[in-house]
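Trainee: Attaching a single structure in structure tokens format; questions to follow.
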2 protein chains.
Amino acid sequence: MSKIFIDACFGKETSYTPVWMMRQAGRYLPEYMQVREDAGSFLDLCHDPEKAAEVTIQPLDIVGVDAAILFSDILVIPDEMGMDLSFVKGEGPVFSDPVRTREDLDKLLGGEAAAQKLTYVYDTIKLLREKLDARGDDKALIGFTGAPWTLATYMIEGQGSKSYAISKKMMYSDPKLLHAILAKVTEVVKYYLQKQIEAGVDAVQIFDSWAAAIEPAKYDEFSWKYMVEIAEYIKEKFPHIPVILFPKGIAAFIECGSVYGNFDVFGVDWGTPMALAKEKLGEKYVLQGNMEPCRLYSKEATTECVEALQKIMGGKRHIFNLGHGILPDVPVENAKHFVSECHRVSGKR
Amino acid sequence: MSKIFIDACFGKETSYTPVWMMRQAGRYLPEYMQVREDAGSFLDLCHDPEKAAEVTIQPLDIVGVDAAILFSDILVIPDEMGMDLSFVKGEGPVFSDPVRTREDLDKLLGGEAAAQKLTYVYDTIKLLREKLDARGDDKALIGFTGAPWTLATYMIEGQGSKSYAISKKMMYSDPKLLHAILAKVTEVVKYYLQKQIEAGVDAVQIFDSWAAAIEPAKYDEFSWKYMVEIAEYIKEKFPHIPVILFPKGIAAFIECGSVYGNFDVFGVDWGTPMALAKEKLGEKYVLQGNMEPCRLYSKEATTECVEALQKIMGGKRHIFNLGHGILPDVPVENAKHFVSECHRVSGKR
């Protein structure tokens with residue numbers, strides 16, 4: 001069965017514009033909170049294929065999105081490379097042993113060996129594949145990874161950061177070391193996505209959440225080119241699998257995106273006007289996005305934005321989404337309203 | 001004596017391009033740390049005119065910048081409006097009673113009455129005016145304020161925020177209340193800048209540090225227009241005082257800046273390519289900026305950027321600066337190197 005989301009990723013005409021939401025399997029859903037509570041910690045949930053599959057599927061039925069995105073976390077990669085990941089209440093993810101030297105890097109597992117350790121992810125996908133196929137509908141399954149730059153910042157800083165000063169000190173003072181880290185992460189990511197695809201995902205998304213932490217003049221060198229390398233690898237092996245890129249905070253890099261990169265879909269963050277993205281990137285990529293997630297607090301503000309996006313994109317080469325993840329305190333009925341408005345304005349019957 | 005920085009703000013030809021650094025009176029300077037230690041807390045230092053004046057002047061002699069910026073904090077405004085400001089170690093500024101309702105807002109002092117309470121700021125400026133005049137050099141003194149939107153987010157959230165979700169929930173669900181808060185803050189800011197000018201500053205800068213927290217479609221309504229109102233008020237009374245705007249994260253709003261706004265100087269953040277800023281805004285405003293502050297970790301990276309900026313701007317309608325504040329762990333000699341490189345490439349003898 002042809003999947004509307006996948007058709008849309010390839011720019012084919014579809015009967016309406018599909019929609020999904022970043023972080024749609026998440027804390028705003030009481031059903032998610034229930035499974036999460038049963039699972040234990042956030043990481044426990046990532047490690048439990050049955051439960052991870054369950055929360056992945058929830059938004060399909062509860063809010064009516066056209067694609068499910070694998071429930072996991074971008075930081076499982078450095079975790080399996082040998083860094084000790086934990087989530088500290090109120091502080092977010094923490095690695096006890098950040099990577100600051102060549103020796104730190106050399107200690108980490110790389111390549112296929114590291115990717116092979118993420119069995120719980122592939123098991124989750126296999127379960128999801130069965131469940132989705134059994135439904136017989138046309139919902140797609142999206143796998144994902146963090147971008148090498150975004151993963152590297154966490155590995156170097158040891159935790160989230162406001163200034164990314166340690167990573168950027170390395171960028172300007174020891175670029176070779178930073179490139180070595182990025183290259184090693186890139187290798188793992190290639191195998192990781194390959195294995196996700198072999199396990200059954202229909203599309204993959206690369207999240208460059210900290211894209212905006214790099215100055216425009218250095219973005220190509222330290223982030224973009226690694227994502228391009230990953231996309232090349234995947235597209236060569238799996239031309240039927242769409243590759244979606246989501247670099248957060250791209251307004252200043254938007255010209256960079258127009259130059260090269262074998263991606264099918266470009267995820268536009270909410271800080272970038274969709275009209276600008278269409279002008280600069282719309283011919284090269286299908287565009288995904290980009291409602292400001294805080295609009296979900298108001299149904300009127302949601303409708304206003306969905307209608308504006310439909311007017312700009314005209315239902316062509318577009319996938320509706322938020323411009324960043326849904327927040328935990330959004331009412332579920334407002335999320336449903338967003339999805340149904342996207343379907344309404346784009347003509348779903 | 002004509003001040004080179006002020007001449008540059010008005011786009012006059014100068015013998016070289018002046019330079020200063022955001023947060024130049026700060027923790028990277030051992031001399032600052034000494035005074036700060038003697039003063040007590042950060043707020044104690046803001047409240048002590050002698051000591052605040054001392055740290056304001058330090059970078060003039062230590063790193064050789066062409067302008068001093070008043071040592072203070074943007075949050076002294078809401079503090080004197082009646083909110084209880086404190087700085088919690090590791091968490092930054094905290095207001096114990098955030099503004100969430102009309103009643104919360106009505107309790108706050110507004111207009112000139114609030115501005116009048118900031119006597120320690122004006123006293124600091126008066127002291128600085130004396131000290132600077134006594135030096136007999138051409139160093140300028142910059143006063144500043146937070147933009148209404150940036151101040152309002154702190155007042156509403158009660159502290160720094162990653163998502164600004166409470167402020168933005170208000171933006172989309174109760175825009176009238178948000179506008180009432182912004183209007184009240186705007187009134188205080190007008191008087192605050194007026195009194196700073198009357199006390200002796202040579203220029204004023206408006207920091208919209210959280211500009212990028214607003215989606216482009218709403219930026220004019222919730223931030224830009226209030227800053228324009230402030231600039232109009234100041235320029236009408238004090239046409240000889242340059243007004244500098246620094247909206248952080250402007251790449252997506254840059255078109256907005258080209259439409260209207262009676263500012264003399266536009267501060268370009270490091271995330272916006274200077275060539276783009278020049279193309280879109282360079283005729284309307286003198287541009288200030290925009291070296292990525294983390295380049296200060298490397299002298300080579302600093303020189304590379306200063307030379308690139310000089311090439312783009314050609315020494316015309318430009319003031320050198322960082323694209324955000326200097327970080328606390330930058331070596332002082334690297335800050336000196338930045339300043340002397342700006343002077344070198346622009347022909348100071």
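Lettering and numbering for the structure tokens are positional, with chains as A, B, ... in the shown order, residues counted from 1 in each chain, and ligands counted from 1 in the shown order.
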Taking 6 positions as the minimum chain separation for residues in the same chain, which residues sit within 8 Å of segment 125-140 of chain A when counting only C-alpha atoms? Answer as a list of chain:residue names.

Mentor: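 Answer for this query is A:Met1, A:Ser2, A:Lys3, A:Ile4, A:Phe5, A:Ile6, A:Pro49, A:Glu50, A:Ala53, A:Ile57, A:Leu60, A:Asp66, A:Ala67, A:Ala68, A:Leu70, A:Gln196, A:Ala199, A:Gly200, A:Val201, A:Asp202, A:Ala203.
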
Trainee: Kindly export the residues of the current selection with N, CA and C atoms, as a tab-separated table (two decimals), in the first residue's frame.

Mentor:
```tsv
chain	number	residue	atom	x	y	z
A	1	MET	N	0.86	-1.21	0.00
A	1	MET	CA	0.00	0.00	0.00
A	1	MET	C	0.88	1.24	0.00
A	2	SER	N	0.58	2.12	-0.89
A	2	SER	CA	1.35	3.36	-0.97
A	2	SER	C	1.05	4.24	0.24
A	3	LYS	N	2.09	4.76	0.84
A	3	LYS	CA	1.90	5.56	2.05
A	3	LYS	C	1.91	7.04	1.69
A	4	ILE	N	0.89	7.75	2.11
A	4	ILE	CA	0.76	9.16	1.73
A	4	ILE	C	1.96	9.98	2.21
A	5	PHE	N	2.46	9.66	3.42
A	5	PHE	CA	3.60	10.42	3.93
A	5	PHE	C	4.84	10.23	3.06
A	6	ILE	N	5.06	8.99	2.63
A	6	ILE	CA	6.24	8.71	1.81
A	6	ILE	C	6.09	9.35	0.42
A	49	PRO	N	11.51	-2.56	24.05
A	49	PRO	CA	10.87	-2.53	22.72
A	49	PRO	C	9.34	-2.57	22.76
A	50	GLU	N	8.77	-3.39	23.61
A	50	GLU	CA	7.30	-3.48	23.67
A	50	GLU	C	6.69	-2.12	24.02
A	53	ALA	N	7.44	0.68	21.46
A	53	ALA	CA	6.56	0.54	20.29
A	53	ALA	C	5.16	1.04	20.62
A	57	ILE	N	3.16	4.29	18.68
A	57	ILE	CA	1.90	4.17	17.92
A	57	ILE	C	0.79	5.05	18.48
A	60	LEU	N	-0.87	7.99	16.56
A	60	LEU	CA	-1.59	7.66	15.32
A	60	LEU	C	-3.09	7.62	15.59
A	66	ASP	N	-0.28	11.22	10.38
A	66	ASP	CA	-0.10	10.31	9.24
A	66	ASP	C	1.18	9.49	9.31
A	67	ALA	N	2.04	9.79	10.27
A	67	ALA	CA	3.27	9.02	10.41
A	67	ALA	C	3.60	8.90	11.89
A	68	ALA	N	4.20	7.76	12.24
A	68	ALA	CA	4.69	7.56	13.60
A	68	ALA	C	6.19	7.77	13.58
A	70	LEU	N	9.57	6.72	15.61
A	70	LEU	CA	10.18	5.85	16.60
A	70	LEU	C	10.39	6.57	17.93
A	196	GLN	N	18.36	0.68	11.10
A	196	GLN	CA	16.96	1.07	11.33
A	196	GLN	C	16.14	0.77	10.07
A	199	ALA	N	15.57	-2.84	9.65
A	199	ALA	CA	14.59	-3.34	10.62
A	199	ALA	C	13.17	-2.93	10.24
A	200	GLY	N	13.05	-1.92	9.37
A	200	GLY	CA	11.69	-1.65	8.89
A	200	GLY	C	11.17	-0.22	8.87
A	201	VAL	N	11.99	0.80	9.14
A	201	VAL	CA	11.43	2.16	9.06
A	201	VAL	C	11.23	2.56	7.59
A	202	ASP	N	10.28	3.46	7.36
A	202	ASP	CA	9.94	3.89	6.00
A	202	ASP	C	10.68	5.16	5.58
A	203	ALA	N	11.22	5.86	6.55
A	203	ALA	CA	11.90	7.13	6.29
A	203	ALA	C	12.81	7.40	7.48
```

Trainee: Sorted by chain and rising residue number, which residues of chain A lie within 7 Å of chain B, and what are their closest atom pairs and distances in Å to one decimal, counting only C-alpha atoms, as a Markdown table?

Mentor:
```
| residue | atom | partner | partner_atom | distance |
| --- | --- | --- | --- | --- |
| A:Ala165 | CA | B:Cys294 | CA | 6.5 |
| A:Lys168 | CA | B:Cys294 | CA | 6.1 |
| A:Lys169 | CA | B:Tyr297 | CA | 5.8 |
| A:Tyr172 | CA | B:Ala301 | CA | 6.1 |
| A:Ser173 | CA | B:Ser298 | CA | 5.6 |
| A:Glu215 | CA | B:Gly271 | CA | 5.3 |
| A:Pro216 | CA | B:Gly271 | CA | 6.3 |
| A:Ala251 | CA | B:Ala252 | CA | 5.4 |
| A:Ala252 | CA | B:Ala251 | CA | 5.4 |
| A:Trp270 | CA | B:Glu215 | CA | 6.4 |
| A:Gly271 | CA | B:Glu215 | CA | 5.3 |
| A:Thr272 | CA | B:Ala252 | CA | 5.7 |
| A:Pro273 | CA | B:Pro216 | CA | 6.4 |
| A:Glu292 | CA | B:Glu215 | CA | 6.8 |
| A:Cys294 | CA | B:Lys168 | CA | 6.1 |
| A:Arg295 | CA | B:Tyr172 | CA | 6.2 |
| A:Tyr297 | CA | B:Lys169 | CA | 5.8 |
| A:Ser298 | CA | B:Ser173 | CA | 5.6 |
| A:Ala301 | CA | B:Tyr172 | CA | 6.0 |
```

Trainee: To one decimal place, how far is atom CA of Glu255 of chain A from atom CA of Leu281 of chain A in Å?

Mentor: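 Going from atom CA of Glu255 of chain A over to atom CA of Leu281 of chain A covers 8.1 Å.
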
Trainee: Using only C-alpha atoms, which residues sit within 10 Å of Leu309 of chain B once same-chain residues fewer than 5 positions away are excluded, as a ChimeraX atom specification?

Mentor: /B:273-275,289-291,303-304,314-315,318,320,342,345

Trainee: Please, which residues of segment 63-276 of chain A, numbered as in this document, come out strand (DSSP E or B) from DSSP, as a PyMOL selection string?

Mentor: chain A and resi 67-69+85-88+92-95+140-146+159+203-208+243-247+265-267

Trainee: Export, as a compact mmCIF listing (two decimals), in the first residue's frame, the selected residues with N, CA and C atoms.

Mentor:
```txt
# COMPACT_ATOMS: atom_id res chain seq x y z
N ALA A 67 2.04 9.79 10.27
CA ALA A 67 3.27 9.02 10.41
C ALA A 67 3.60 8.90 11.89
N ALA A 68 4.20 7.76 12.24
CA ALA A 68 4.69 7.56 13.60
C ALA A 68 6.19 7.77 13.58
N ILE A 69 6.73 8.36 14.63
CA ILE A 69 8.19 8.45 14.73
C ILE A 69 8.63 7.60 15.91
N LEU A 85 25.52 7.51 29.88
CA LEU A 85 24.42 8.48 29.82
C LEU A 85 23.49 8.34 31.01
N SER A 86 23.14 9.46 31.63
CA SER A 86 22.06 9.42 32.61
C SER A 86 21.23 10.69 32.46
N PHE A 87 20.01 10.63 32.95
CA PHE A 87 19.15 11.81 32.90
C PHE A 87 18.96 12.31 34.33
N VAL A 88 19.46 13.50 34.59
CA VAL A 88 19.40 14.05 35.93
C VAL A 88 18.19 14.98 36.00
N GLY A 92 18.51 17.48 32.76
CA GLY A 92 18.54 16.81 31.46
C GLY A 92 19.67 15.80 31.38
N PRO A 93 20.06 15.46 30.16
CA PRO A 93 21.04 14.39 29.95
C PRO A 93 22.43 14.78 30.43
N VAL A 94 23.12 13.83 31.03
CA VAL A 94 24.48 14.07 31.53
C VAL A 94 25.37 12.87 31.17
N PHE A 95 26.55 13.17 30.63
CA PHE A 95 27.58 12.16 30.43
C PHE A 95 28.66 12.41 31.47
N ALA A 140 3.00 5.77 8.02
CA ALA A 140 4.43 5.49 7.83
C ALA A 140 5.17 5.49 9.17
N LEU A 141 6.34 4.89 9.16
CA LEU A 141 7.18 4.86 10.36
C LEU A 141 8.50 5.58 10.08
N ILE A 142 8.79 6.58 10.89
CA ILE A 142 10.01 7.38 10.72
C ILE A 142 11.05 6.96 11.75
N GLY A 143 12.25 6.62 11.29
CA GLY A 143 13.37 6.42 12.20
C GLY A 143 14.15 7.72 12.30
N PHE A 144 15.10 7.79 13.21
CA PHE A 144 15.84 9.06 13.30
C PHE A 144 17.19 8.90 13.97
N THR A 145 17.95 9.96 13.86
CA THR A 145 19.25 10.06 14.53
C THR A 145 19.51 11.53 14.85
N GLY A 146 20.41 11.77 15.78
CA GLY A 146 20.94 13.11 15.94
C GLY A 146 22.02 13.35 14.88
N GLN A 159 26.86 17.62 28.83
CA GLN A 159 25.46 17.93 29.17
C GLN A 159 24.97 19.02 28.24
N ALA A 203 11.22 5.86 6.55
CA ALA A 203 11.90 7.13 6.29
C ALA A 203 12.81 7.40 7.48
N VAL A 204 13.80 8.26 7.29
CA VAL A 204 14.67 8.62 8.42
C VAL A 204 14.81 10.14 8.50
N GLN A 205 14.91 10.64 9.73
CA GLN A 205 15.11 12.08 9.93
C GLN A 205 16.38 12.30 10.73
N ILE A 206 17.16 13.27 10.29
CA ILE A 206 18.38 13.66 10.99
C ILE A 206 18.09 14.98 11.72
N PHE A 207 18.21 14.94 13.05
CA PHE A 207 17.94 16.13 13.87
C PHE A 207 19.24 16.87 14.16
N ASP A 208 19.40 18.05 13.58
CA ASP A 208 20.54 18.88 13.98
C ASP A 208 20.00 19.98 14.91
N VAL A 243 15.06 10.72 3.05
CA VAL A 243 15.90 11.27 4.13
C VAL A 243 15.43 12.70 4.41
N ILE A 244 15.08 12.93 5.66
CA ILE A 244 14.57 14.23 6.10
C ILE A 244 15.64 14.89 6.96
N LEU A 245 15.87 16.15 6.71
CA LEU A 245 16.85 16.88 7.50
C LEU A 245 16.12 17.92 8.33
N PHE A 246 16.48 18.03 9.62
CA PHE A 246 15.88 19.09 10.44
C PHE A 246 16.98 19.84 11.18
N PRO A 247 17.51 20.89 10.56
CA PRO A 247 18.50 21.71 11.25
C PRO A 247 17.77 22.87 11.94
N VAL A 265 13.66 15.81 2.09
CA VAL A 265 12.78 16.74 2.81
C VAL A 265 13.62 17.62 3.72
N PHE A 266 13.28 18.90 3.76
CA PHE A 266 13.97 19.85 4.63
C PHE A 266 12.96 20.30 5.70
N GLY A 267 13.26 19.99 6.94
CA GLY A 267 12.38 20.39 8.03
C GLY A 267 12.67 21.82 8.42
```

Trainee: Determine, counting only C-alpha atoms, which protein, DNA and RNA residues have an atom within 12 Å of an atom of Ala114 of chain A; residues of the same chain fewer than 5 positions away are not included. Present the result as a VMD selection string.

Mentor: chain A and resid 76 to 83 108 to 109 119 184 to 192 195

Trainee: Could you jot down the atom CA of Arg23 of chain A to atom CA of His47 of chain A separation for me, Å, one decimal place?

Mentor: 17.5 Å

Trainee: Could you give me, as a ChimeraX atom specification, the residues within 8 Å of Lys278 of chain A, counting only C-alpha atoms and dropping anything in the same chain fewer than 4 positions from it?

Mentor: /A:274,282-283,287,313

Trainee: What would the file look like if the residues just selected were written as a PDB file, in the first residue's frame with N, CA and C atoms?

Mentor:
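Listing of result.pdb after writing:
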```pdb
ATOM      1  N   MET A 274       8.230  30.444   6.554  1.00  0.00           N
ATOM      2  CA  MET A 274       8.026  29.404   5.546  1.00  0.00           C
ATOM      3  C   MET A 274       8.150  29.987   4.135  1.00  0.00           C
ATOM      4  N   GLY A 282      12.570  25.575  -1.729  1.00  0.00           N
ATOM      5  CA  GLY A 282      11.350  24.864  -2.134  1.00  0.00           C
ATOM      6  C   GLY A 282      11.475  24.060  -3.414  1.00  0.00           C
ATOM      7  N   GLU A 283      12.365  24.461  -4.291  1.00  0.00           N
ATOM      8  CA  GLU A 283      12.501  23.686  -5.529  1.00  0.00           C
ATOM      9  C   GLU A 283      13.364  22.451  -5.311  1.00  0.00           C
ATOM     10  N   LEU A 287       9.261  20.605   1.722  1.00  0.00           N
ATOM     11  CA  LEU A 287       9.433  21.299   3.006  1.00  0.00           C
ATOM     12  C   LEU A 287       8.475  20.747   4.057  1.00  0.00           C
ATOM     13  N   MET A 313       2.178  27.338   0.916  1.00  0.00           N
ATOM     14  CA  MET A 313       2.659  26.127   0.249  1.00  0.00           C
ATOM     15  C   MET A 313       1.676  25.604  -0.802  1.00  0.00           C
TER      16      MET A 313
END
```

Trainee: Which residues come within 9 Å of Ile234 of chain B, counting only C-alpha atoms, excluding same-chain residues fewer than 5 positions away, as a list in words?

Mentor: Lys190, Leu193, Gln194, Glu229, Pro239, Ile241 and Val243 of chain B

Trainee: Residues of segment 92-138 of chain B in helix (DSSP H, G or I) according to DSSP, as a VMD selection string?

Mentor: chain B and resid 102 to 106 111 to 116 119 to 135

Trainee: Need to verify the contact set: Arg27 of chain B, 6 Å, only C-alpha atoms, exclusion of same-chain residues closer than 2 positions in sequence. Can you return it as a list in words?

Mentor: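 Here the qualifying residues turn out to be Leu29, Met33 and Pro328 of chain B.
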